[in-house]
$ cat structure29.cif   # mmCIF, C-alpha atoms
data_structure
#
loop_
_atom_site.label_atom_id
_atom_site.label_comp_id
_atom_site.auth_asym_id
_atom_site.auth_seq_id
_atom_site.Cartn_x
_atom_site.Cartn_y
_atom_site.Cartn_z
CA MET A 22 140.73 96.42 218.92
CA ARG A 23 138.97 96.42 222.27
CA ALA A 24 135.65 97.37 220.66
CA ARG A 25 136.01 94.74 217.92
CA THR A 26 136.84 92.04 220.45
CA THR A 27 133.88 93.00 222.66
CA LEU A 28 131.53 93.16 219.67
CA GLY A 29 132.71 89.79 218.40
CA ALA A 30 132.37 88.11 221.79
CA THR A 31 128.92 89.65 222.33
CA ALA A 32 127.75 88.51 218.89
CA VAL A 33 128.86 84.95 219.58
CA VAL A 34 127.16 84.91 222.98
CA ALA A 35 124.02 86.50 221.46
CA VAL A 36 123.75 83.76 218.87
CA ALA A 37 124.36 81.09 221.52
CA LEU A 38 121.75 82.58 223.88
CA LEU A 39 119.20 82.98 221.09
CA VAL A 40 119.65 79.42 219.92
CA GLY A 41 119.52 78.19 223.52
CA ALA A 42 116.38 80.20 224.30
CA LEU A 43 114.55 79.00 221.19
CA SER A 44 115.62 75.41 221.85
CA PHE A 45 114.51 75.63 225.47
CA TYR A 46 111.16 77.12 224.50
CA GLY A 47 110.62 74.44 221.86
CA VAL A 48 111.54 71.57 224.19
CA LEU A 49 109.36 72.99 226.98
CA SER A 50 106.39 73.44 224.62
CA ALA A 51 106.72 69.89 223.30
CA SER A 52 107.09 68.51 226.81
CA MET A 53 104.02 70.34 228.11
CA HIS A 54 101.96 69.30 225.09
CA SER A 55 102.97 65.68 225.61
CA SER A 56 102.15 65.91 229.30
CA THR A 57 98.70 67.37 228.50
CA GLU A 58 98.05 64.54 226.01
CA ARG A 59 98.93 61.89 228.60
CA ALA A 60 96.70 63.52 231.23
CA ALA A 61 93.82 63.83 228.73
CA GLU A 62 94.11 60.19 227.64
CA GLN A 63 94.23 59.02 231.26
CA ARG A 64 91.10 61.06 232.08
CA LEU A 65 89.44 59.73 228.93
CA GLU A 66 89.99 56.13 230.07
CA GLU A 67 88.39 56.90 233.44
CA LEU A 68 85.39 58.48 231.74
CA ALA A 69 85.12 55.57 229.28
CA ASP A 70 84.68 53.10 232.17
CA ARG A 71 82.07 55.36 233.65
CA ALA A 72 80.17 56.08 230.40
CA GLY A 73 79.87 52.54 229.11
CA GLY A 74 76.18 52.10 230.02
CA PRO A 75 73.05 53.47 228.41
CA GLY A 76 72.74 57.25 228.42
CA GLY A 77 76.28 57.74 229.41
CA LYS A 78 75.88 57.02 233.17
CA GLY A 79 76.02 60.57 234.44
CA ILE A 80 77.94 62.27 231.64
CA ASP A 81 75.19 64.90 231.46
CA ALA A 82 75.73 65.80 235.09
CA LEU A 83 79.44 66.50 234.73
CA ASP A 84 80.54 70.12 234.69
CA ASP A 85 83.88 71.97 234.20
CA GLU A 86 84.66 69.44 231.47
CA ILE A 87 83.73 69.30 227.79
CA ILE A 88 82.61 65.73 227.12
CA GLN A 89 80.43 64.24 224.39
CA ILE A 90 79.23 60.79 223.48
CA ILE A 91 78.71 60.54 219.75
CA GLY A 92 76.72 57.79 218.15
CA PRO A 93 77.59 55.84 215.01
CA ASP A 94 75.49 58.26 212.99
CA GLY A 95 77.63 61.20 214.15
CA ALA A 96 74.92 62.72 216.36
CA VAL A 97 75.59 63.75 219.97
CA ARG A 98 73.90 61.18 222.26
CA ALA A 99 75.06 62.71 225.56
CA ALA A 100 77.10 65.75 226.62
CA SER A 101 78.33 67.44 229.74
CA GLU A 102 76.90 70.76 230.82
CA ASP A 103 79.96 72.73 229.57
CA ALA A 104 79.80 70.87 226.24
CA ARG A 105 76.16 71.77 225.79
CA ASP A 106 76.81 75.40 226.64
CA ALA A 107 79.85 75.73 224.35
CA LEU A 108 78.89 73.48 221.44
CA GLY A 109 75.20 72.83 221.66
CA SER A 110 74.46 69.86 219.41
CA THR A 111 77.62 70.30 217.34
CA PRO A 112 79.81 67.23 217.73
CA LEU A 113 83.50 67.45 218.44
CA PRO A 114 85.80 66.15 215.65
CA LEU A 115 86.70 62.49 215.79
CA ASP A 116 90.26 61.39 215.11
CA ASP A 117 92.52 58.59 216.23
CA ASP A 118 95.25 61.11 217.10
CA PRO A 119 94.87 64.02 219.56
CA GLN A 120 94.24 67.33 217.88
CA THR A 121 93.87 70.94 218.96
CA MET A 122 91.02 73.32 218.19
CA THR A 123 89.32 76.40 219.54
CA VAL A 124 86.10 76.02 221.53
CA ASP A 125 84.26 79.11 222.71
CA GLY A 126 87.47 81.16 222.20
CA ASP A 127 89.66 78.79 224.22
CA ARG A 128 92.36 76.47 222.93
CA VAL A 129 91.54 72.81 223.73
CA LEU A 130 93.07 69.39 223.11
CA VAL A 131 90.57 66.86 221.75
CA VAL A 132 90.97 63.09 222.38
CA SER A 133 88.49 60.32 221.66
CA GLU A 134 87.94 56.62 222.45
CA ASP A 135 85.39 54.03 221.29
CA ILE A 136 83.01 52.65 223.91
CA GLU A 137 80.14 50.08 223.94
CA GLY A 138 77.36 50.39 221.37
CA ASP A 139 79.57 51.71 218.57
CA ARG A 140 79.68 55.02 220.34
CA THR A 141 82.66 57.34 220.76
CA LEU A 142 83.58 59.24 223.87
CA VAL A 143 85.19 62.59 223.10
CA LEU A 144 86.99 64.77 225.65
CA ALA A 145 88.20 68.34 225.13
CA VAL A 146 90.85 69.42 227.64
CA PRO A 147 91.57 73.17 228.02
CA MET A 148 95.16 74.24 227.23
CA ASP A 149 94.98 77.60 228.97
CA ASP A 150 97.51 76.61 231.64
CA ASP A 151 100.02 75.48 229.02
CA ALA A 152 99.61 78.71 227.06
CA GLU A 153 99.96 80.79 230.21
CA THR A 154 103.07 78.92 231.28
CA LEU A 155 104.66 79.26 227.83
CA ALA A 156 103.79 82.96 227.72
CA THR A 157 105.45 83.45 231.12
CA VAL A 158 108.56 81.58 229.95
CA ALA A 159 108.68 83.61 226.73
CA THR A 160 108.45 86.85 228.73
CA LEU A 161 111.23 85.74 231.08
CA LEU A 162 113.45 84.76 228.16
CA ALA A 163 112.73 88.03 226.37
CA VAL A 164 113.91 89.90 229.46
CA ALA A 165 116.73 87.56 230.52
CA VAL A 166 118.50 87.26 227.14
CA PRO A 167 119.08 91.04 226.65
CA VAL A 168 120.13 91.38 230.29
CA LEU A 169 122.61 88.52 229.91
CA LEU A 170 123.89 90.03 226.67
CA LEU A 171 124.41 93.38 228.37
CA LEU A 172 126.19 91.68 231.26
CA VAL A 173 128.42 89.74 228.87
CA ALA A 174 129.21 92.88 226.87
CA VAL A 175 130.15 94.87 229.98
CA THR A 176 132.20 91.99 231.40
CA THR A 177 133.97 91.40 228.10
CA TRP A 178 134.69 95.11 227.75
CA LEU A 179 136.26 95.25 231.21
CA VAL A 180 138.18 91.97 230.90
CA VAL A 181 139.45 92.70 227.39
CA GLY A 182 140.41 96.21 228.43
CA ARG A 183 142.40 94.88 231.36
CA ALA A 184 144.01 92.17 229.24
CA LEU A 185 144.90 94.54 226.39
CA ARG A 186 146.21 97.34 228.59
CA PRO A 187 149.76 95.90 228.55
CA VAL A 188 149.46 95.42 224.79
CA GLU A 189 148.51 99.08 224.41
CA ARG A 190 151.53 100.09 226.48
CA ILE A 191 153.74 97.89 224.29
CA ARG A 192 152.21 99.42 221.16
CA GLU A 193 152.79 102.96 222.40
CA GLU A 194 156.38 102.16 223.34
CA VAL A 195 157.12 100.48 220.01
CA ASP A 196 155.45 103.36 218.15
CA GLY A 197 157.95 105.73 219.74
CA ILE A 198 161.03 103.67 218.84
CA THR A 199 162.82 105.09 215.84
CA ALA A 200 166.11 104.29 214.12
CA ASP A 201 168.03 106.46 216.60
CA ARG A 202 166.20 104.99 219.62
CA LEU A 203 166.67 101.27 219.05
CA HIS A 204 168.23 100.98 222.51
CA GLN A 205 164.80 101.38 224.11
CA ARG A 206 162.85 98.30 225.19
CA VAL A 207 159.17 97.62 225.87
CA PRO A 208 157.99 96.92 229.43
CA VAL A 209 157.54 93.25 230.30
CA PRO A 210 154.50 92.69 232.57
CA GLU A 211 154.97 90.42 235.59
CA THR A 212 152.10 88.16 234.56
CA ALA A 213 154.13 85.32 233.01
CA ASP A 214 151.47 84.91 230.31
CA GLU A 215 151.24 85.34 226.55
CA ILE A 216 151.48 89.15 226.87
CA ALA A 217 154.75 88.82 228.78
CA ALA A 218 156.00 86.38 226.14
CA LEU A 219 155.04 88.90 223.43
CA ALA A 220 156.95 91.66 225.21
CA THR A 221 159.99 89.40 225.63
CA THR A 222 159.88 88.44 221.96
CA MET A 223 159.53 92.10 220.99
CA ASN A 224 162.57 93.01 223.08
CA GLY A 225 164.53 90.19 221.45
CA MET A 226 163.61 91.54 218.04
CA LEU A 227 164.69 95.04 219.10
CA ASP A 228 167.99 93.60 220.34
CA ARG A 229 168.60 92.05 216.94
CA LEU A 230 167.59 95.23 215.11
CA ASP A 231 169.83 97.30 217.36
CA ALA A 232 172.77 94.96 216.76
CA ALA A 233 172.12 94.95 213.00
CA ALA A 234 171.85 98.75 212.88
CA THR A 235 175.06 99.11 214.91
CA ALA A 236 176.87 96.66 212.62
CA GLN A 237 175.53 98.49 209.56
CA ARG A 238 176.70 101.87 210.83
CA ARG A 239 180.11 100.44 211.64
CA PHE A 240 180.26 98.79 208.24
CA VAL A 241 179.35 102.01 206.42
CA SER A 242 181.92 103.92 208.45
CA ASP A 243 184.65 101.38 207.76
CA ALA A 244 183.75 101.14 204.07
CA SER A 245 183.83 104.92 203.75
CA HIS A 246 187.25 105.02 205.37
CA GLU A 247 188.59 102.24 203.13
CA LEU A 248 187.30 103.92 199.98
CA ARG A 249 188.47 107.36 201.04
CA SER A 250 192.06 106.23 201.60
CA PRO A 251 192.97 105.28 197.99
CA LEU A 252 191.03 108.25 196.66
CA ALA A 253 193.04 110.55 198.92
CA THR A 254 196.28 108.94 197.73
CA ILE A 255 195.33 109.46 194.07
CA ARG A 256 194.32 113.06 194.74
CA GLN A 257 197.55 113.86 196.62
CA HIS A 258 199.76 112.49 193.86
CA ALA A 259 197.68 114.26 191.21
CA GLU A 260 197.92 117.60 193.06
CA LEU A 261 201.66 117.04 193.57
CA ALA A 262 202.14 116.30 189.87
CA GLN A 263 200.09 119.36 188.97
CA ALA A 264 202.00 121.67 191.30
CA HIS A 265 205.48 120.24 190.59
CA PRO A 266 205.48 118.61 187.19
CA ASP A 267 209.25 118.51 187.23
CA VAL A 268 209.32 116.37 190.39
CA THR A 269 206.58 113.79 189.65
CA SER A 270 206.65 112.10 186.28
CA ILE A 271 203.64 110.92 184.34
CA ALA A 272 204.84 107.32 184.75
CA GLU A 273 205.01 107.61 188.54
CA LEU A 274 201.53 109.17 188.66
CA ALA A 275 200.14 106.47 186.35
CA GLU A 276 201.65 103.77 188.56
CA VAL A 277 200.08 105.23 191.71
CA VAL A 278 196.69 105.69 190.02
CA SER A 279 196.80 102.12 188.67
CA GLU A 280 197.69 100.61 192.05
CA GLU A 281 195.12 102.59 193.99
CA GLY A 282 192.53 102.00 191.27
CA LEU A 283 193.04 98.26 191.56
CA ARG A 284 192.75 98.58 195.30
CA LEU A 285 189.49 100.52 194.90
CA GLN A 286 188.21 97.91 192.47
CA GLY A 287 189.03 95.12 194.92
CA ILE A 288 187.23 96.86 197.77
CA VAL A 289 184.13 97.54 195.66
CA GLU A 290 184.01 93.98 194.32
CA SER A 291 184.39 92.63 197.85
CA LEU A 292 181.56 94.85 199.10
CA LEU A 293 179.33 93.74 196.24
CA LEU A 294 180.10 90.09 196.96
CA LEU A 295 179.30 90.57 200.66
CA ALA A 296 176.02 92.23 199.71
CA ARG A 297 175.18 89.27 197.45
CA LEU A 298 176.03 86.84 200.22
CA ASP A 299 173.77 88.75 202.60
CA GLU A 300 170.97 88.38 200.04
CA GLY A 301 171.52 84.62 199.69
CA ALA A 302 174.05 84.28 196.89
CA GLY A 303 175.29 80.82 196.04
CA THR A 304 171.92 79.26 195.33
CA ASN A 305 173.19 77.91 191.95
CA ALA A 306 174.69 74.89 193.69
CA GLU A 307 176.17 71.85 191.99
CA ALA A 308 178.54 68.99 192.77
CA VAL A 309 182.05 70.40 193.27
CA ASP A 310 185.35 68.54 193.70
CA LEU A 311 186.83 70.44 196.61
CA ASP A 312 190.19 68.64 196.17
CA ASP A 313 190.51 70.09 192.65
CA ILE A 314 190.03 73.62 193.98
CA ALA A 315 192.59 73.03 196.73
CA LEU A 316 195.14 71.54 194.30
CA GLY A 317 194.65 74.53 192.00
CA GLU A 318 195.59 76.88 194.85
CA VAL A 319 198.65 74.76 195.68
CA ARG A 320 199.85 74.99 192.08
CA ARG A 321 199.24 78.75 191.99
CA MET A 322 201.25 79.40 195.13
CA ARG A 323 204.07 77.06 194.09
CA ALA A 324 204.28 78.92 190.80
CA ALA A 325 204.89 82.07 192.87
CA GLY A 326 207.85 80.36 194.54
CA LEU A 327 206.15 79.49 197.86
CA ASP A 328 206.71 76.32 199.86
CA VAL A 329 203.24 74.74 200.05
CA ASP A 330 202.46 71.24 201.39
CA GLY A 331 199.54 69.67 199.51
CA SER A 332 200.06 66.06 200.62
CA GLY A 333 197.00 66.20 202.87
CA ILE A 334 194.57 66.77 199.99
CA HIS A 335 192.24 63.81 199.43
CA ALA A 336 189.36 63.39 197.01
CA ALA A 337 186.13 64.90 198.32
CA ARG A 338 183.00 66.23 196.67
CA VAL A 339 180.66 68.86 198.12
CA HIS A 340 177.52 70.65 196.96
CA GLY A 341 177.85 74.38 196.33
CA ASP A 342 178.71 77.20 193.95
CA PRO A 343 182.14 76.36 192.45
CA ARG A 344 183.01 80.01 191.84
CA LEU A 345 182.24 81.04 195.41
CA LEU A 346 184.01 78.02 196.89
CA GLY A 347 187.05 78.88 194.75
CA GLN A 348 186.89 82.45 196.11
CA LEU A 349 186.74 81.08 199.66
CA VAL A 350 189.82 78.86 199.27
CA ARG A 351 191.66 81.68 197.46
CA ASN A 352 190.97 84.10 200.35
CA LEU A 353 192.21 81.59 202.93
CA ALA A 354 195.32 80.87 200.87
CA ASP A 355 196.09 84.58 200.38
CA ASN A 356 195.66 85.15 204.10
CA ALA A 357 198.12 82.33 204.84
CA VAL A 358 200.62 83.76 202.34
CA ARG A 359 200.30 87.20 203.92
CA HIS A 360 201.12 85.98 207.44
CA SER A 361 203.38 82.95 206.97
CA ARG A 362 207.13 82.91 207.51
CA GLY A 363 207.72 80.35 204.78
CA ARG A 364 205.58 77.25 205.32
CA ILE A 365 201.96 76.72 204.28
CA ALA A 366 199.89 73.54 204.15
CA ILE A 367 196.50 72.88 202.55
CA GLY A 368 194.52 69.71 203.31
CA VAL A 369 191.17 68.20 202.34
CA THR A 370 189.91 65.33 204.50
CA PRO A 371 186.46 63.63 204.22
CA ALA A 372 185.25 62.10 207.48
CA GLY A 373 181.89 61.23 209.02
CA GLY A 374 179.67 62.76 206.33
CA HIS A 375 181.65 66.02 206.26
CA VAL A 376 184.64 67.46 204.44
CA PHE A 377 187.32 69.35 206.35
CA LEU A 378 189.47 71.77 204.36
CA THR A 379 192.41 73.16 206.34
CA VAL A 380 194.76 76.03 205.48
CA GLU A 381 197.61 76.54 207.97
CA ASP A 382 200.74 78.64 208.17
CA ASP A 383 203.72 79.16 210.45
CA GLY A 384 203.00 82.81 211.19
CA ALA A 385 202.19 84.53 214.47
CA GLY A 386 198.76 82.89 214.75
CA VAL A 387 195.50 84.38 215.98
CA PRO A 388 195.01 85.06 219.70
CA ALA A 389 192.11 83.11 221.23
CA ALA A 390 190.32 86.34 222.15
CA GLU A 391 190.35 87.49 218.50
CA ARG A 392 189.21 84.26 216.81
CA GLU A 393 185.59 85.39 216.50
CA ARG A 394 186.29 89.02 215.68
CA ILE A 395 188.71 88.17 212.89
CA PHE A 396 185.78 87.20 210.64
CA GLU A 397 184.11 90.59 211.01
CA ARG A 398 184.31 93.07 208.15
CA PHE A 399 187.28 95.47 207.98
CA VAL A 400 188.92 93.87 211.00
CA ARG A 401 192.72 93.72 211.08
CA LEU A 402 194.74 92.47 214.01
CA ASP A 403 197.46 94.73 215.40
CA GLU A 404 200.30 92.95 213.63
CA ALA A 405 198.52 93.29 210.28
CA ARG A 406 197.54 96.93 210.35
CA SER A 407 199.85 97.88 207.54
CA ARG A 408 198.11 98.07 204.21
CA ASP A 409 201.32 97.06 202.53
CA ALA A 410 201.18 93.72 204.32
CA GLY A 411 197.48 93.10 204.06
CA GLY A 412 194.29 93.67 202.16
CA SER A 413 191.17 95.60 202.99
CA GLY A 414 190.07 93.40 205.88
CA LEU A 415 187.23 91.82 203.90
CA GLY A 416 188.78 88.53 202.79
CA LEU A 417 187.97 86.48 205.89
CA ALA A 418 184.53 88.08 206.18
CA ILE A 419 183.83 86.98 202.59
CA ALA A 420 185.14 83.48 203.35
CA GLN A 421 182.85 83.24 206.37
CA GLY A 422 179.88 84.46 204.34
CA ILE A 423 180.52 81.90 201.58
CA SER A 424 180.88 79.06 204.09
CA THR A 425 177.58 80.02 205.71
CA SER A 426 175.77 80.23 202.36
CA ALA A 427 177.09 76.74 201.51
CA GLY A 428 175.77 75.31 204.77
CA GLY A 429 179.22 75.04 206.32
CA ARG A 430 181.27 76.55 209.14
CA LEU A 431 184.65 78.31 209.19
CA THR A 432 186.79 78.39 212.33
CA VAL A 433 190.39 79.16 213.25
CA ASP A 434 192.76 77.57 215.77
CA ASP A 435 196.50 76.84 216.12
CA SER A 436 198.50 75.20 213.37
CA ARG A 437 201.10 72.49 213.88
CA TRP A 438 203.81 75.18 213.66
CA GLY A 439 202.16 77.58 216.10
CA GLY A 440 200.60 79.77 213.42
CA ALA A 441 196.96 79.96 212.32
CA ARG A 442 194.95 77.05 211.00
CA PHE A 443 191.64 77.79 209.29
CA VAL A 444 189.20 74.86 209.17
CA LEU A 445 186.30 74.84 206.71
CA THR A 446 183.61 72.21 207.45
CA LEU A 447 181.15 71.36 204.67
CA PRO A 448 178.59 68.56 204.23
CA LEU A 449 179.91 65.73 202.07
CA SER A 450 178.01 65.42 198.78
CA ALA A 451 176.51 62.02 197.95
#
$ encode --input "structure29.cif" --output "C-alpha cells"
Amino acid sequence: MRARTTLGATAVVAVALLVGALSFYGVLSASMHSSTERAAEQRLEELADRAGGPGGKGIDALDDEIIQIIGPDGAVRAASEDARDALGSTPLPLDDDPQTMTVDGDRVLVVSEDIEGDRTLVLAVPMDDDAETLATVATLLAVAVPVLLLLVAVTTWLVVGRALRPVERIREEVDGITADRLHQRVPVPETADEIAALATTMNGMLDRLDAAATAQRRFVSDASHELRSPLATIRQHAELAQAHPDVTSIAELAEVVSEEGLRLQGIVESLLLLARLDEGAGTNAEAVDLDDIALGEVRRMRAAGLDVDGSGIHAARVHGDPRLLGQLVRNLADNAVRHSRGRIAIGVTPAGGHVFLTVEDDGAGVPAAERERIFERFVRLDEARSRDAGGSGLGLAIAQGISTSAGGRLTVDDSRWGGARFVLTLPLSA
C-alpha cells in the first residue's frame, strides 16, 4: 500500500512537472523570439533613417551586423562588411513577416523594410544568445525535474509511511482477532484524525461482533437446553416402560411422548420463526385491520372461559404481514393468560398517526429492572420458572421481533390492576 501510494503520488507529480517544464520552455521561447523581433524591427527603423540616401549612407562601413540594401530588380545595391563576407552578392530573402534562416552556420532572424528609391533594407539579427539561453534553461530543467521527482518520492515515502504506520498496527491487531478473541480492541492513536476515527469505528464494530457472538453462544446454549429437556423426558419414560412394562402403560407413554413432542415442535417452530425474523421476514406486507385480529383473540379467550375486556378495541388499520401480526397478538394474549389472576383487557387505539395495541392483566407484573430483559430469548422471570406454568421463553422474543420487522415498538409497563401491560406501537396505515 505504501509503495502504491508513493508510486501514484510520484506519477502525478511527474506529469505535472513535465507539463509545467514544457509549458515554461515554450512560453520562454516564444517570449524571447518576440523580444528579438521587436529589437530587430527597432534597429531596422534606425538603419532605415540612416540608409535613405544614395549608396546607403555608410551601410558599407558597418560591421558586426548583416545588412543589405536590395534594389527593385532584386540585386544587392549595398551591404555591410559582415553581409559581404557571409553572403557575397546573394540577397537575403524579402518578406513582410520576420523569418528565420541560417547564414554562415548561424541562426538569424531576417526583417525588412522599404526605403526611398523602391529599395528594401534587410537586416539579419543573430539568434545565438536566444539559443544559448534556451539551451541553458533546457539543461536546468532536465536536471531539476528528476531531482524534484526524487525529492517528492522520498518525501512521499516518508510521509505516507508515517501516516500509514497506525493503519499497519490496526491491520496487524485485527488480523490476530479470531472468534475466541473478540474481546480484543485495536489501539486508538492520539492524533484525533481520520486514522483515530477509523480505529474508533473498528472498535465499535468489534463491540457489536462481540455482543452478537456472546448472544449467539447464549442462544445456542439455551436452545440446546430447551430441546434436551423434552427429549430427556421422552427417553426416561421410554426406558421406564421398557424396564417395567407392568408399571407404565402404553397409553401413559403415548401421552407423555405426544405432550413432549408437541413441546419440541413448538420450540423448533419458534426458533425457525426467530431465524426468519432475523433474516427480515414479514416483507409481504399488506393493509391489516388490527382491530379484527384483537377481536379474534378476545373471542378465543372467552370461548376458553376467561374474563376478557375488549371494550377498548377501536377500528385501526396498519401495514404488515397479517399472519405475523396475528402471531404477535396471540403471544401477548397467551402471556397475559399465563400470568393473570382472572382479568385481562385488550385495547386498540389509533392516535397521532400511530396505533396502540395494549394487552394487560392483573398478575404480578414485571419489575422495572426486568422490562428490557424480558424480551430476550429463553428468559423467564423467577415467578415463571415452572414449565407447567409457562412456555419455552420465546413468545415475547418473537413478539418483539415481529414488532421490529413491522416498523413498530413493543414495551411493557404497569397495568391498571398492578399487573403487566404490553403496549405495541405501529404506524397507522393510510
$ resolve_selection --input "structure29.cif" --expression "the PyMOL selection byres ((chain A and resi 115) around 10)" --output "MDAnalysis selection string"
chainID A and resid 91 95 112:114 116:120 131:134 141:143
$ residues_near_point --input "structure29.cif" --point "(78.8, 77.7, 228.9)" --cutoff "10 Å" --atoms "all atoms listed in the file" --output "JSON, numbers by chain"
{"A": [84, 85, 87, 102, 103, 104, 105, 106, 107, 108, 109, 125]}
$ resolve_selection --input "structure29.cif" --expression "the PyMOL selection byres ((chain A and resi 362-373) around 8)" --output "ChimeraX atom specification"
/A:311-312,315,319,327-337,357-358,360-361,374-384,449
$ write_last_selection --input "structure29.cif" --atoms "C-alpha atoms" --output "mmCIF file, in the frame of the given file"
data_model
loop_
_atom_site.group_PDB
_atom_site.id
_atom_site.type_symbol
_atom_site.label_atom_id
_atom_site.label_comp_id
_atom_site.auth_asym_id
_atom_site.auth_seq_id
_atom_site.Cartn_x
_atom_site.Cartn_y
_atom_site.Cartn_z
ATOM 1 C CA LEU A 311 186.830 70.440 196.610
ATOM 2 C CA ASP A 312 190.190 68.640 196.170
ATOM 3 C CA ALA A 315 192.590 73.030 196.730
ATOM 4 C CA VAL A 319 198.650 74.760 195.680
ATOM 5 C CA LEU A 327 206.150 79.490 197.860
ATOM 6 C CA ASP A 328 206.710 76.320 199.860
ATOM 7 C CA VAL A 329 203.240 74.740 200.050
ATOM 8 C CA ASP A 330 202.460 71.240 201.390
ATOM 9 C CA GLY A 331 199.540 69.670 199.510
ATOM 10 C CA SER A 332 200.060 66.060 200.620
ATOM 11 C CA GLY A 333 197.000 66.200 202.870
ATOM 12 C CA ILE A 334 194.570 66.770 199.990
ATOM 13 C CA HIS A 335 192.240 63.810 199.430
ATOM 14 C CA ALA A 336 189.360 63.390 197.010
ATOM 15 C CA ALA A 337 186.130 64.900 198.320
ATOM 16 C CA ALA A 357 198.120 82.330 204.840
ATOM 17 C CA VAL A 358 200.620 83.760 202.340
ATOM 18 C CA HIS A 360 201.120 85.980 207.440
ATOM 19 C CA SER A 361 203.380 82.950 206.970
ATOM 20 C CA GLY A 374 179.670 62.760 206.330
ATOM 21 C CA HIS A 375 181.650 66.020 206.260
ATOM 22 C CA VAL A 376 184.640 67.460 204.440
ATOM 23 C CA PHE A 377 187.320 69.350 206.350
ATOM 24 C CA LEU A 378 189.470 71.770 204.360
ATOM 25 C CA THR A 379 192.410 73.160 206.340
ATOM 26 C CA VAL A 380 194.760 76.030 205.480
ATOM 27 C CA GLU A 381 197.610 76.540 207.970
ATOM 28 C CA ASP A 382 200.740 78.640 208.170
ATOM 29 C CA ASP A 383 203.720 79.160 210.450
ATOM 30 C CA GLY A 384 203.000 82.810 211.190
ATOM 31 C CA LEU A 449 179.910 65.730 202.070
#
$ atom_distance --input "structure29.cif" --atom1 "atom CA of Asn224 of chain A" --atom2 "atom CA of Arg206 of chain A"
5.7 Å
$ atom_distance --input "structure29.cif" --atom1 "atom CA of Asp342 of chain A" --atom2 "atom CA of Gly326 of chain A"
29.3 Å
$ resolve_selection --input "structure29.cif" --expression "the PyMOL selection byres ((chain A and resi 287) around 12)" --output "list of chain:residue names"
A:Glu247, A:Leu248, A:Pro251, A:Glu280, A:Glu281, A:Gly282, A:Leu283, A:Arg284, A:Leu285, A:Gln286, A:Ile288, A:Val289, A:Glu290, A:Ser291, A:Leu292, A:Leu293, A:Leu294, A:Gly412, A:Ser413, A:Gly414, A:Leu415, A:Gly416
$ closest_residue --input "structure29.cif" --among "A:Thr31, A:Ser242, A:Thr154, A:Thr446" --to "Val168 of chain A" --atoms "all atoms listed in the file"
A:Thr31
$ axis_aligned_box --input "structure29.cif" --around "segment 25-32 of chain A" --padding-each-side "5 Å" --output "lines of an AutoDock Vina configuration file"
center_x = 132.3
center_y = 91.4
center_z = 220.3
size_x = 19.1
size_y = 16.6
size_z = 14.7
$ closest_residue --input "structure29.cif" --among "A:Ala264, A:Arg351, A:Glu397, A:Leu162" --to "Gly41 of chain A" --atoms "all atoms listed in the file"
A:Leu162
$ closest_residue --input "structure29.cif" --among "A:Phe396, A:Phe240, A:Tyr46, A:Trp178" --to "Gly422 of chain A" --atoms "only C-alpha atoms"
A:Phe396
$ residues_near_point --input "structure29.cif" --point "(159.1, 89.5, 231.5)" --cutoff "12 Å" --atoms "all atoms listed in the file" --output "NGL selection string"
:A and (187 or 206-225)
$ atom_distance --input "structure29.cif" --atom1 "atom CA of Asp139 of chain A" --atom2 "atom CA of Gly92 of chain A"
6.7 Å
$ residues_around --input "structure29.cif" --residues "Glu318 of chain A" --least-positions-apart "5" --cutoff "9 Å" --atoms "all atoms listed in the file" --output "list in words"
Asp313, Arg323, Gly347, Val350, Arg351, Ala354 and Ile367 of chain A
$ residues_around --input "structure29.cif" --residues "segment 189-205 of chain A" --least-positions-apart "6" --cutoff "8 Å" --atoms "all atoms listed in the file" --output "list in words"
Ala220, Leu227, Asp228, Leu230 and Asp231 of chain A
$ residues_around --input "structure29.cif" --residues "Thr254 of chain A" --least-positions-apart "3" --cutoff "9 Å" --atoms "only C-alpha atoms" --output "PDB file with C-alpha atoms, in the coordinates of the input"
ATOM      1  CA  ARG A 249     188.470 107.360 201.040  1.00  0.00           C
ATOM      2  CA  SER A 250     192.060 106.230 201.600  1.00  0.00           C
ATOM      3  CA  PRO A 251     192.970 105.280 197.990  1.00  0.00           C
ATOM      4  CA  GLN A 257     197.550 113.860 196.620  1.00  0.00           C
ATOM      5  CA  HIS A 258     199.760 112.490 193.860  1.00  0.00           C
ATOM      6  CA  ALA A 259     197.680 114.260 191.210  1.00  0.00           C
ATOM      7  CA  VAL A 277     200.080 105.230 191.710  1.00  0.00           C
ATOM      8  CA  VAL A 278     196.690 105.690 190.020  1.00  0.00           C
ATOM      9  CA  GLU A 281     195.120 102.590 193.990  1.00  0.00           C
TER      10      GLU A 281
END
